[in-house]
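Printed here is protein26.tsv (TSV, C-alpha atoms and all ligand atoms):
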chain	number	residue	atom	x	y	z
A	1	MET	CA	83.83	109.98	88.80
A	2	ARG	CA	83.21	106.57	90.35
A	3	LYS	CA	84.68	107.86	93.63
A	4	PHE	CA	82.47	110.88	93.40
A	5	ILE	CA	79.34	108.81	92.83
A	6	SER	CA	80.35	106.56	95.73
A	7	ALA	CA	80.82	109.62	97.96
A	8	ILE	CA	77.39	110.91	97.02
A	9	LEU	CA	75.87	107.49	97.63
A	10	ILE	CA	77.52	107.18	101.05
A	11	THR	CA	76.35	110.67	101.95
A	12	PHE	CA	72.84	109.71	100.92
A	13	LEU	CA	72.89	106.48	102.92
A	14	LEU	CA	74.21	108.24	106.01
A	15	TRP	CA	71.51	110.83	105.68
A	16	THR	CA	68.69	108.32	105.32
A	17	SER	CA	69.86	106.42	108.39
A	18	ASN	CA	70.30	109.53	110.54
A	19	SER	CA	67.56	111.96	109.78
A	20	LEU	CA	64.54	111.56	107.62
A	21	SER	CA	63.41	115.08	108.38
A	22	GLU	CA	66.36	116.71	106.63
A	23	SER	CA	66.69	117.29	102.94
A	24	THR	CA	69.48	115.51	101.08
A	25	ALA	CA	69.88	118.44	98.73
A	26	PRO	CA	72.03	120.69	100.97
A	27	ILE	CA	74.27	117.75	101.96
A	28	ALA	CA	74.69	116.59	98.39
A	29	LYS	CA	75.22	120.12	97.15
A	30	SER	CA	77.74	120.85	99.85
A	31	ASP	CA	79.58	117.67	99.04
A	32	GLU	CA	79.51	118.52	95.35
A	33	ARG	CA	80.76	122.04	96.06
A	34	ASN	CA	83.63	120.68	98.13
A	35	GLN	CA	84.52	118.23	95.42
A	36	MET	CA	84.41	120.94	92.80
A	37	LYS	CA	86.62	123.20	94.93
A	38	ASP	CA	89.14	120.40	95.42
A	39	ILE	CA	89.28	119.76	91.71
A	40	VAL	CA	89.69	123.41	90.78
A	41	ARG	CA	92.29	123.85	93.54
A	42	HIS	CA	94.24	120.87	92.19
A	43	ILE	CA	94.28	122.35	88.69
A	44	LEU	CA	95.23	125.85	89.85
A	45	GLU	CA	97.95	124.54	92.18
A	46	SER	CA	99.36	122.43	89.36
A	47	ASN	CA	99.42	125.47	87.11
A	48	GLU	CA	101.00	127.56	89.86
A	49	ALA	CA	103.82	125.03	90.22
A	50	PHE	CA	104.27	124.94	86.45
A	51	VAL	CA	104.56	128.73	86.22
A	52	LYS	CA	106.83	129.03	89.24
A	53	ASN	CA	109.27	126.48	87.89
A	54	ARG	CA	109.78	128.24	84.57
A	55	PRO	CA	111.24	131.59	83.59
A	56	SER	CA	109.08	133.66	81.23
A	57	SER	CA	111.68	133.01	78.50
A	58	TYR	CA	110.54	129.39	78.52
A	59	PHE	CA	107.34	130.45	76.77
A	60	THR	CA	108.99	132.67	74.13
A	61	PRO	CA	109.46	129.92	71.49
A	62	PHE	CA	105.76	129.11	71.65
A	63	ILE	CA	104.41	132.58	71.08
A	64	HIS	CA	104.72	132.79	67.30
A	65	GLY	CA	103.89	129.24	66.27
A	66	GLN	CA	104.43	125.55	66.71
A	67	ASP	CA	106.70	122.99	65.15
A	68	PRO	CA	105.62	119.59	66.53
A	69	ILE	CA	107.54	116.44	65.67
A	70	ALA	CA	104.47	114.23	65.36
A	71	THR	CA	100.73	114.17	65.05
A	72	MET	CA	99.47	111.76	67.66
A	73	VAL	CA	95.96	110.35	67.93
A	74	ILE	CA	95.30	108.80	71.32
A	75	CYS	CA	92.26	107.75	73.32
A	76	ALA	CA	90.71	110.38	75.58
A	77	ASP	CA	90.92	107.91	78.47
A	78	SER	CA	92.66	109.57	81.44
A	79	ARG	CA	94.78	106.47	81.97
A	80	LEU	CA	96.61	107.05	78.71
A	81	HIS	CA	99.40	109.12	80.24
A	82	THR	CA	100.91	111.55	77.75
A	83	HIS	CA	104.08	111.94	79.83
A	84	ALA	CA	104.66	108.20	79.31
A	85	LEU	CA	104.85	108.84	75.56
A	86	ASP	CA	106.99	111.96	75.58
A	87	ILE	CA	108.89	112.76	78.74
A	88	HIS	CA	109.44	116.39	77.65
A	89	PRO	CA	106.23	116.98	75.73
A	90	ASP	CA	106.44	120.76	75.52
A	91	GLY	CA	105.74	121.64	71.91
A	92	ASP	CA	106.52	118.14	70.61
A	93	LEU	CA	103.16	116.66	69.90
A	94	PHE	CA	100.18	117.79	67.90
A	95	LEU	CA	97.82	115.79	70.06
A	96	VAL	CA	94.36	114.65	69.03
A	97	ARG	CA	92.31	112.86	71.65
A	98	ASN	CA	88.96	111.19	71.32
A	99	ILE	CA	87.25	107.99	72.42
A	100	GLY	CA	88.87	105.00	70.76
A	101	ASN	CA	91.88	106.90	69.29
A	102	GLN	CA	90.17	107.42	65.98
A	103	VAL	CA	91.30	109.07	62.79
A	104	SER	CA	87.77	108.47	61.51
A	105	THR	CA	86.17	110.93	63.92
A	106	ALA	CA	88.95	113.53	63.91
A	107	GLU	CA	89.80	113.90	60.25
A	108	GLY	CA	90.17	117.68	60.31
A	109	SER	CA	92.51	117.71	63.29
A	110	VAL	CA	94.66	114.92	61.88
A	111	GLU	CA	94.75	116.57	58.48
A	112	TYR	CA	95.88	119.85	60.03
A	113	GLY	CA	98.80	118.12	61.74
A	114	ILE	CA	99.91	116.39	58.56
A	115	ARG	CA	99.15	118.93	55.83
A	116	HIS	CA	99.74	122.22	57.66
A	117	LEU	CA	102.21	121.37	60.40
A	118	HIS	CA	103.94	118.81	58.17
A	119	THR	CA	104.65	116.33	60.93
A	120	PRO	CA	106.57	113.40	59.41
A	121	VAL	CA	104.97	110.85	61.74
A	122	LEU	CA	101.37	110.05	62.58
A	123	PHE	CA	101.03	107.94	65.71
A	124	ILE	CA	97.75	106.19	66.50
A	125	ILE	CA	97.82	104.79	70.00
A	126	GLY	CA	95.26	102.69	71.84
A	127	HIS	CA	95.61	101.32	75.35
A	128	SER	CA	94.90	98.45	77.73
A	129	SER	CA	91.32	98.01	78.93
A	130	CYS	CA	89.95	100.66	76.55
A	131	GLY	CA	86.42	101.52	77.69
A	132	ALA	CA	85.47	102.85	74.27
A	133	VAL	CA	86.50	99.59	72.62
A	134	GLY	CA	84.64	97.69	75.37
A	135	ALA	CA	81.55	99.79	74.69
A	136	ALA	CA	81.84	99.13	70.95
A	137	MET	CA	81.92	95.39	71.76
A	138	SER	CA	78.70	95.75	73.77
A	139	ASP	CA	75.12	96.63	72.94
A	140	TYR	CA	75.35	100.40	72.80
A	141	SER	CA	71.97	100.99	71.17
A	142	GLU	CA	70.67	102.88	74.23
A	143	LEU	CA	73.54	105.36	74.39
A	144	GLU	CA	73.33	108.96	73.25
A	145	PRO	CA	73.34	109.42	69.45
A	146	SER	CA	76.57	111.41	69.55
A	147	ILE	CA	78.37	108.60	71.40
A	148	LYS	CA	76.83	105.94	69.18
A	149	ARG	CA	78.16	107.76	66.13
A	150	GLU	CA	81.70	107.63	67.52
A	151	LEU	CA	81.44	103.98	68.53
A	152	GLU	CA	80.36	102.97	65.03
A	153	THR	CA	83.82	103.69	63.61
A	154	ILE	CA	85.64	101.58	66.22
A	155	LYS	CA	86.64	98.19	64.86
A	156	VAL	CA	86.13	95.19	67.16
A	157	VAL	CA	86.60	91.47	66.68
A	158	SER	CA	84.04	90.06	69.10
A	159	ASN	CA	81.14	90.91	71.38
A	160	LYS	CA	82.77	89.73	74.61
A	161	PRO	CA	83.62	92.95	76.47
A	162	ASP	CA	84.15	91.03	79.74
A	163	ASP	CA	86.89	88.88	78.23
A	164	ASP	CA	90.26	90.62	78.67
A	165	VAL	CA	91.88	88.71	75.83
A	166	GLU	CA	89.08	89.65	73.44
A	167	VAL	CA	89.29	93.30	74.51
A	168	LYS	CA	93.04	93.26	73.84
A	169	LYS	CA	92.42	91.78	70.37
A	170	SER	CA	89.81	94.45	69.66
A	171	VAL	CA	92.09	97.26	70.88
A	172	GLU	CA	94.67	96.02	68.37
A	173	ALA	CA	92.09	95.57	65.63
A	174	ASN	CA	90.91	99.13	66.17
A	175	VAL	CA	94.43	100.57	66.07
A	176	ASN	CA	95.07	98.66	62.85
A	177	HIS	CA	91.76	99.84	61.44
A	178	GLN	CA	92.55	103.48	62.19
A	179	VAL	CA	96.02	103.04	60.68
A	180	SER	CA	94.39	101.56	57.55
A	181	THR	CA	92.12	104.59	57.32
A	182	ALA	CA	95.17	106.86	57.45
A	183	LEU	CA	97.10	104.74	54.95
A	184	ILE	CA	94.34	105.19	52.39
A	185	LYS	CA	93.94	108.90	53.00
A	186	TYR	CA	97.66	109.71	53.03
A	187	ALA	CA	98.84	107.09	50.52
A	188	ALA	CA	100.74	109.60	48.37
A	189	ASP	CA	102.56	111.14	51.36
A	190	ILE	CA	103.59	107.70	52.59
A	191	LYS	CA	104.72	106.60	49.12
A	192	GLU	CA	106.89	109.68	48.76
A	193	GLY	CA	108.40	109.21	52.23
A	194	ARG	CA	106.89	112.33	53.76
A	195	LEU	CA	104.84	110.42	56.29
A	196	THR	CA	105.12	107.29	58.40
A	197	VAL	CA	102.01	105.99	60.15
A	198	ILE	CA	102.68	104.06	63.34
A	199	GLY	CA	100.12	102.19	65.43
A	200	GLY	CA	100.74	101.22	69.03
A	201	VAL	CA	99.20	100.20	72.33
A	202	TYR	CA	100.00	101.86	75.66
A	203	ASP	CA	100.07	98.81	77.88
A	204	PHE	CA	99.50	99.86	81.49
A	205	ARG	CA	98.10	96.41	82.33
A	206	ASN	CA	101.25	94.65	81.13
A	207	ASP	CA	99.22	92.52	78.72
A	208	TYR	CA	102.27	92.20	76.46
A	209	HIS	CA	104.62	91.23	79.34
A	210	GLN	CA	107.07	93.97	78.40
A	211	GLY	CA	106.54	95.97	81.59
A	212	SER	CA	103.59	98.05	82.78
A	213	GLY	CA	103.38	101.34	80.92
A	214	ARG	CA	105.26	100.16	77.83
A	215	LEU	CA	104.33	101.56	74.43
A	216	VAL	CA	104.12	98.50	72.18
A	217	LEU	CA	104.30	99.19	68.45
A	218	ILE	CA	101.99	96.93	66.46
A	219	ASN	CA	101.80	98.56	63.04
A	220	VAL	CA	104.20	100.55	60.88
A	221	ASN	CA	102.73	101.72	57.58
A	222	GLY	CA	100.49	98.63	57.49
A	223	GLU	CA	103.21	96.17	58.53
A	224	THR	CA	101.92	94.20	61.51
A	225	ASP	CA	104.44	91.37	61.75
A	226	PRO	CA	106.26	91.86	65.10
A	227	ALA	CA	109.61	90.68	63.70
A	228	ALA	CA	109.36	93.11	60.79
A	229	ILE	CA	108.33	95.92	63.15
A	230	ARG	CA	111.32	95.23	65.38
A	231	LYS	CA	113.55	95.68	62.33
A	232	VAL	CA	112.06	99.04	61.40
A	233	GLN	CA	111.66	100.24	64.98
A	234	PRO	CA	115.01	102.10	64.88
A	235	LEU	CA	113.22	104.35	62.42
A	236	ASN	CA	111.73	106.01	65.48
A	237	HIS	CA	115.13	107.28	66.53
A	238	ASP	CA	117.46	107.27	63.53
A	239	SER	CA	115.78	107.75	60.21
A	240	ILE	CA	112.75	109.87	60.96
A	241	LYS	CA	113.79	113.43	60.46
A	242	LEU	CA	112.90	115.10	63.71
A	243	LYS	CA	112.12	118.71	63.19
A	244	GLY	CA	113.94	120.02	66.21
A	245	PRO	CA	111.33	120.86	68.83
A	246	ALA	CA	112.29	122.94	71.81
A	247	SER	CA	112.84	119.91	74.03
A	248	LEU	CA	115.14	118.17	71.59
A	249	LYS	CA	117.28	121.14	70.59
B	1	ZN	ZN	90.27	104.15	75.46
Let me see the file written as structure tokens.
Amino acid sequence: MRKFISAILITFLLWTSNSLSESTAPIAKSDERNQMKDIVRHILESNEAFVKNRPSSYFTPFIHGQDPIATMVICADSRLHTHALDIHPDGDLFLVRNIGNQVSTAEGSVEYGIRHLHTPVLFIIGHSSCGAVGAAMSDYSELEPSIKRELETIKVVSNKPDDDVEVKKSVEANVNHQVSTALIKYAADIKEGRLTVIGGVYDFRNDYHQGSGRLVLINVNGETDPAAIRKVQPLNHDSIKLKGPASLK
């Protein structure tokens, strides 16, 4: 979007310097139309490649239902790459996306994944440089009411959105807050071993010095001590009963 705004701005500046007798509207509209066409072409070409690379039998398992291995709540931010979290995501994840990776603002979707699809794991994943968390750390009183409502349920630890360290702390605080919300709501399921709630941060900035793009787990059922989390981390692979999605069969 920033590129798009820049393109419009450059177009406008070129126009004002070249010809004051012409209207900006046709230039801007033309530019916008070209941009729109490029975007739609990109999506359709991606879909074309997807279809071409798969036999129709690929889709058969998906026709009559779904059997995801996890409910996953992640931020809507386009930089949170889903293919970094599941390399063969087809049918694996019941994915809920919103600003600030919130259980609080997506209760129905999360509940559907846990109660109706019976996923044994609920992941809640934030990410580096989260704009929603940054906004929640700022004065957002002038924003639209609908956005304000969703920022109110993001937990932050300071009002310094320009401080990277403080943003990182707030991203973690928010993940932990959303995990806490889930722990209260699904306490019985967790107690009986039907559900594990895992909080993490997708670290594309390498804030944790574990490599850019690493998923760093910071909370397992309320446990936030890194040493304790490292001990239970094998749960992700060994003890959690995967339900056998298409990609893991
Ligand atoms: Zn975000």
Quiz prompt | Nearby residues, ligand ZN 1 (chain B), 6 Å, only C-alpha atoms and all ligand atoms, as a list in words | solution = Cys75, Asp77, Ile99, Gly100, Cys130, Gly131 and Ala132 of chain A
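Closest to Leu93 (chain A) among A:Thr119, A:Thr71, A:Ser146, A:Thr196 is A:Thr71, based on only C-alpha atoms.
Distances from A:Val156, A:Ile74, A:Ile229, A:Ile43 to Val96 (chain A) were compared using only C-alpha atoms, and the smallest one belongs to A:Ile74.
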Quiz item: What is the distance, in Å and to one decimal place, between CA of Ala188 (chain A) and CA of Asp92 (chain A)?
Solution: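 Here the two named atoms are 24.5 Å from each other.
Nearest-residue note for Asn221 (chain A): choosing from A:Val51, A:Ile124, A:Val110, A:Leu151, the minimum distance belongs to A:Ile124, counting all atoms listed in the file.
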Self-check item: Atom pair CA of Val103 (chain A) / CA of Thr181 (chain A): separation (Å)
Solution: 7.1 Å
Quiz item: Can you list, as a PyMOL selection string, every protein, DNA or RNA residue that comes within 12 Å of Tyr112 (chain A) when you count all atoms listed in the file, leaving out same-chain residues fewer than 3 positions away?
Solution: chain A and resi 68+70-72+94-96+106-109+115-119+122
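For the set A:Met36, A:Val133, A:Ile114, A:Ile184, the residue with the smallest atom-to-atom gap to Gln102 (chain A) is A:Val133, counting all atoms listed in the file.
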Quiz item: Could you state the separation of CA of Phe204 (chain A) and CA of His83 (chain A) in Å, given to one decimal place?
Solution: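 Taking CA of Phe204 (chain A) and CA of His83 (chain A), their separation equals 13.0 Å.
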Coordinates of region 41-188 of chain A, C-alpha atoms, as a PDB file, in the first residue's frame:
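New file result_31.pdb:
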ATOM      1  CA  ARG A  41      -3.324 -10.882 -12.532  1.00  0.00           C
ATOM      2  CA  HIS A  42      -0.911 -11.915  -9.769  1.00  0.00           C
ATOM      3  CA  ILE A  43      -3.686 -13.673  -7.857  1.00  0.00           C
ATOM      4  CA  LEU A  44      -5.127 -15.403 -10.923  1.00  0.00           C
ATOM      5  CA  GLU A  45      -1.692 -16.498 -12.151  1.00  0.00           C
ATOM      6  CA  SER A  46      -0.893 -17.884  -8.711  1.00  0.00           C
ATOM      7  CA  ASN A  47      -4.148 -19.803  -8.729  1.00  0.00           C
ATOM      8  CA  GLU A  48      -3.484 -21.032 -12.260  1.00  0.00           C
ATOM      9  CA  ALA A  49      -0.105 -22.423 -11.195  1.00  0.00           C
ATOM     10  CA  PHE A  50      -1.700 -24.035  -8.141  1.00  0.00           C
ATOM     11  CA  VAL A  51      -4.368 -25.764 -10.241  1.00  0.00           C
ATOM     12  CA  LYS A  52      -1.947 -26.841 -12.960  1.00  0.00           C
ATOM     13  CA  ASN A  53       0.407 -28.463 -10.485  1.00  0.00           C
ATOM     14  CA  ARG A  54      -2.253 -30.666  -8.902  1.00  0.00           C
ATOM     15  CA  PRO A  55      -4.401 -33.496 -10.199  1.00  0.00           C
ATOM     16  CA  SER A  56      -8.119 -33.178  -9.434  1.00  0.00           C
ATOM     17  CA  SER A  57      -7.725 -36.099  -6.997  1.00  0.00           C
ATOM     18  CA  TYR A  58      -5.706 -33.766  -4.787  1.00  0.00           C
ATOM     19  CA  PHE A  59      -8.921 -31.974  -3.852  1.00  0.00           C
ATOM     20  CA  THR A  60     -10.994 -35.104  -3.158  1.00  0.00           C
ATOM     21  CA  PRO A  61     -10.122 -35.376   0.572  1.00  0.00           C
ATOM     22  CA  PHE A  62     -11.296 -31.810   1.134  1.00  0.00           C
ATOM     23  CA  ILE A  63     -14.722 -32.114  -0.420  1.00  0.00           C
ATOM     24  CA  HIS A  64     -16.601 -33.723   2.468  1.00  0.00           C
ATOM     25  CA  GLY A  65     -14.995 -32.043   5.453  1.00  0.00           C
ATOM     26  CA  GLN A  66     -11.884 -30.993   7.275  1.00  0.00           C
ATOM     27  CA  ASP A  67      -9.711 -32.532   9.938  1.00  0.00           C
ATOM     28  CA  PRO A  68      -7.142 -29.888  10.920  1.00  0.00           C
ATOM     29  CA  ILE A  69      -4.370 -30.671  13.385  1.00  0.00           C
ATOM     30  CA  ALA A  70      -4.475 -27.292  15.115  1.00  0.00           C
ATOM     31  CA  THR A  71      -6.439 -24.133  15.600  1.00  0.00           C
ATOM     32  CA  MET A  72      -4.051 -21.283  15.020  1.00  0.00           C
ATOM     33  CA  VAL A  73      -4.655 -17.620  15.830  1.00  0.00           C
ATOM     34  CA  ILE A  74      -2.186 -15.347  14.079  1.00  0.00           C
ATOM     35  CA  CYS A  75      -1.953 -11.655  13.274  1.00  0.00           C
ATOM     36  CA  ALA A  76      -3.463 -10.523   9.976  1.00  0.00           C
ATOM     37  CA  ASP A  77      -0.158  -8.833   9.124  1.00  0.00           C
ATOM     38  CA  SER A  78       0.995  -9.958   5.660  1.00  0.00           C
ATOM     39  CA  ARG A  79       4.516 -10.479   6.979  1.00  0.00           C
ATOM     40  CA  LEU A  80       3.386 -13.371   9.140  1.00  0.00           C
ATOM     41  CA  HIS A  81       4.056 -16.045   6.533  1.00  0.00           C
ATOM     42  CA  THR A  82       1.841 -19.078   6.996  1.00  0.00           C
ATOM     43  CA  HIS A  83       4.163 -21.280   4.929  1.00  0.00           C
ATOM     44  CA  ALA A  84       6.851 -20.574   7.547  1.00  0.00           C
ATOM     45  CA  LEU A  85       4.632 -22.223  10.154  1.00  0.00           C
ATOM     46  CA  ASP A  86       3.476 -25.225   8.166  1.00  0.00           C
ATOM     47  CA  ILE A  87       5.420 -26.114   5.056  1.00  0.00           C
ATOM     48  CA  HIS A  88       2.563 -28.296   3.730  1.00  0.00           C
ATOM     49  CA  PRO A  89      -0.404 -26.372   5.083  1.00  0.00           C
ATOM     50  CA  ASP A  90      -3.091 -28.028   2.982  1.00  0.00           C
ATOM     51  CA  GLY A  91      -5.863 -28.946   5.388  1.00  0.00           C
ATOM     52  CA  ASP A  92      -3.632 -28.770   8.472  1.00  0.00           C
ATOM     53  CA  LEU A  93      -4.592 -25.538  10.107  1.00  0.00           C
ATOM     54  CA  PHE A  94      -7.871 -24.043  11.185  1.00  0.00           C
ATOM     55  CA  LEU A  95      -6.543 -20.539  10.778  1.00  0.00           C
ATOM     56  CA  VAL A  96      -7.956 -17.463  12.469  1.00  0.00           C
ATOM     57  CA  ARG A  97      -6.389 -14.145  11.553  1.00  0.00           C
ATOM     58  CA  ASN A  98      -7.029 -10.727  12.994  1.00  0.00           C
ATOM     59  CA  ILE A  99      -5.052  -7.696  14.121  1.00  0.00           C
ATOM     60  CA  GLY A 100      -2.947  -8.551  17.140  1.00  0.00           C
ATOM     61  CA  ASN A 101      -3.537 -12.352  17.024  1.00  0.00           C
ATOM     62  CA  GLN A 102      -6.405 -12.165  19.457  1.00  0.00           C
ATOM     63  CA  VAL A 103      -8.606 -14.828  20.963  1.00  0.00           C
ATOM     64  CA  SER A 104     -10.568 -11.973  22.535  1.00  0.00           C
ATOM     65  CA  THR A 105     -11.917 -10.686  19.222  1.00  0.00           C
ATOM     66  CA  ALA A 106     -12.388 -14.062  17.531  1.00  0.00           C
ATOM     67  CA  GLU A 107     -14.049 -16.161  20.187  1.00  0.00           C
ATOM     68  CA  GLY A 108     -16.531 -17.855  17.867  1.00  0.00           C
ATOM     69  CA  SER A 109     -13.909 -18.905  15.333  1.00  0.00           C
ATOM     70  CA  VAL A 110     -11.565 -20.204  18.015  1.00  0.00           C
ATOM     71  CA  GLU A 111     -14.387 -22.029  19.747  1.00  0.00           C
ATOM     72  CA  TYR A 112     -15.387 -23.705  16.488  1.00  0.00           C
ATOM     73  CA  GLY A 113     -11.862 -25.025  15.995  1.00  0.00           C
ATOM     74  CA  ILE A 114     -11.663 -26.408  19.516  1.00  0.00           C
ATOM     75  CA  ARG A 115     -15.210 -27.601  20.225  1.00  0.00           C
ATOM     76  CA  HIS A 116     -16.336 -28.717  16.761  1.00  0.00           C
ATOM     77  CA  LEU A 117     -13.145 -29.632  14.941  1.00  0.00           C
ATOM     78  CA  HIS A 118     -11.580 -30.927  18.168  1.00  0.00           C
ATOM     79  CA  THR A 119      -8.090 -29.701  17.399  1.00  0.00           C
ATOM     80  CA  PRO A 120      -5.805 -30.797  20.261  1.00  0.00           C
ATOM     81  CA  VAL A 121      -3.627 -27.687  20.010  1.00  0.00           C
ATOM     82  CA  LEU A 122      -4.422 -23.986  20.001  1.00  0.00           C
ATOM     83  CA  PHE A 123      -1.532 -21.874  18.781  1.00  0.00           C
ATOM     84  CA  ILE A 124      -1.520 -18.112  19.369  1.00  0.00           C
ATOM     85  CA  ILE A 125       1.258 -16.484  17.402  1.00  0.00           C
ATOM     86  CA  GLY A 126       2.397 -12.882  17.319  1.00  0.00           C
ATOM     87  CA  HIS A 127       5.301 -11.506  15.312  1.00  0.00           C
ATOM     88  CA  SER A 128       8.176  -9.033  15.160  1.00  0.00           C
ATOM     89  CA  SER A 129       7.309  -5.360  14.654  1.00  0.00           C
ATOM     90  CA  CYS A 130       3.561  -5.945  15.042  1.00  0.00           C
ATOM     91  CA  GLY A 131       1.765  -2.829  13.806  1.00  0.00           C
ATOM     92  CA  ALA A 132      -1.353  -3.642  15.804  1.00  0.00           C
ATOM     93  CA  VAL A 133       0.655  -3.874  19.014  1.00  0.00           C
ATOM     94  CA  GLY A 134       2.453  -0.640  18.047  1.00  0.00           C
ATOM     95  CA  ALA A 135      -0.908   1.033  17.505  1.00  0.00           C
ATOM     96  CA  ALA A 136      -2.156  -0.218  20.873  1.00  0.00           C
ATOM     97  CA  MET A 137       0.950   1.362  22.456  1.00  0.00           C
ATOM     98  CA  SER A 138       0.096   4.693  20.805  1.00  0.00           C
ATOM     99  CA  ASP A 139      -2.713   7.195  21.139  1.00  0.00           C
ATOM    100  CA  TYR A 140      -5.357   5.556  18.979  1.00  0.00           C
ATOM    101  CA  SER A 141      -8.262   7.718  20.113  1.00  0.00           C
ATOM    102  CA  GLU A 142      -8.727   9.172  16.608  1.00  0.00           C
ATOM    103  CA  LEU A 143      -8.987   5.818  14.846  1.00  0.00           C
ATOM    104  CA  GLU A 144     -12.223   4.289  13.615  1.00  0.00           C
ATOM    105  CA  PRO A 145     -14.438   2.843  16.386  1.00  0.00           C
ATOM    106  CA  SER A 146     -14.204  -0.665  14.940  1.00  0.00           C
ATOM    107  CA  ILE A 147     -10.386  -0.566  15.042  1.00  0.00           C
ATOM    108  CA  LYS A 148     -10.368   1.012  18.490  1.00  0.00           C
ATOM    109  CA  ARG A 149     -12.521  -1.834  19.778  1.00  0.00           C
ATOM    110  CA  GLU A 150      -9.990  -4.388  18.551  1.00  0.00           C
ATOM    111  CA  LEU A 151      -7.013  -2.479  19.939  1.00  0.00           C
ATOM    112  CA  GLU A 152      -8.575  -2.335  23.397  1.00  0.00           C
ATOM    113  CA  THR A 153      -8.075  -6.078  23.914  1.00  0.00           C
ATOM    114  CA  ILE A 154      -4.372  -6.006  22.998  1.00  0.00           C
ATOM    115  CA  LYS A 155      -2.143  -6.071  26.057  1.00  0.00           C
ATOM    116  CA  VAL A 156       0.883  -3.747  26.025  1.00  0.00           C
ATOM    117  CA  VAL A 157       3.528  -2.946  28.614  1.00  0.00           C
ATOM    118  CA  SER A 158       4.471   0.611  27.653  1.00  0.00           C
ATOM    119  CA  ASN A 159       3.562   3.568  25.474  1.00  0.00           C
ATOM    120  CA  LYS A 160       6.817   3.672  23.513  1.00  0.00           C
ATOM    121  CA  PRO A 161       5.873   2.364  20.049  1.00  0.00           C
ATOM    122  CA  ASP A 162       9.131   3.708  18.553  1.00  0.00           C
ATOM    123  CA  ASP A 163      11.264   1.618  20.901  1.00  0.00           C
ATOM    124  CA  ASP A 164      11.914  -1.804  19.327  1.00  0.00           C
ATOM    125  CA  VAL A 165      12.665  -3.443  22.661  1.00  0.00           C
ATOM    126  CA  GLU A 166       9.419  -2.160  24.157  1.00  0.00           C
ATOM    127  CA  VAL A 167       7.455  -3.340  21.106  1.00  0.00           C
ATOM    128  CA  LYS A 168       9.014  -6.800  21.471  1.00  0.00           C
ATOM    129  CA  LYS A 169       8.028  -6.871  25.155  1.00  0.00           C
ATOM    130  CA  SER A 170       4.484  -5.830  24.272  1.00  0.00           C
ATOM    131  CA  VAL A 171       4.218  -8.436  21.499  1.00  0.00           C
ATOM    132  CA  GLU A 172       5.130 -11.061  24.106  1.00  0.00           C
ATOM    133  CA  ALA A 173       2.801  -9.572  26.710  1.00  0.00           C
ATOM    134  CA  ASN A 174      -0.042  -9.679  24.219  1.00  0.00           C
ATOM    135  CA  VAL A 175       0.620 -13.301  23.245  1.00  0.00           C
ATOM    136  CA  ASN A 176       0.700 -14.219  26.933  1.00  0.00           C
ATOM    137  CA  HIS A 177      -2.483 -12.258  27.536  1.00  0.00           C
ATOM    138  CA  GLN A 178      -4.303 -14.041  24.713  1.00  0.00           C
ATOM    139  CA  VAL A 179      -3.026 -17.396  26.001  1.00  0.00           C
ATOM    140  CA  SER A 180      -4.343 -16.482  29.473  1.00  0.00           C
ATOM    141  CA  THR A 181      -7.739 -15.703  27.974  1.00  0.00           C
ATOM    142  CA  ALA A 182      -7.776 -19.141  26.346  1.00  0.00           C
ATOM    143  CA  LEU A 183      -6.554 -20.867  29.511  1.00  0.00           C
ATOM    144  CA  ILE A 184      -9.520 -19.502  31.442  1.00  0.00           C
ATOM    145  CA  LYS A 185     -12.048 -20.322  28.755  1.00  0.00           C
ATOM    146  CA  TYR A 186     -10.772 -23.840  28.052  1.00  0.00           C
ATOM    147  CA  ALA A 187      -9.572 -24.728  31.562  1.00  0.00           C
ATOM    148  CA  ALA A 188     -11.484 -28.024  31.679  1.00  0.00           C
TER     149      ALA A 188
END
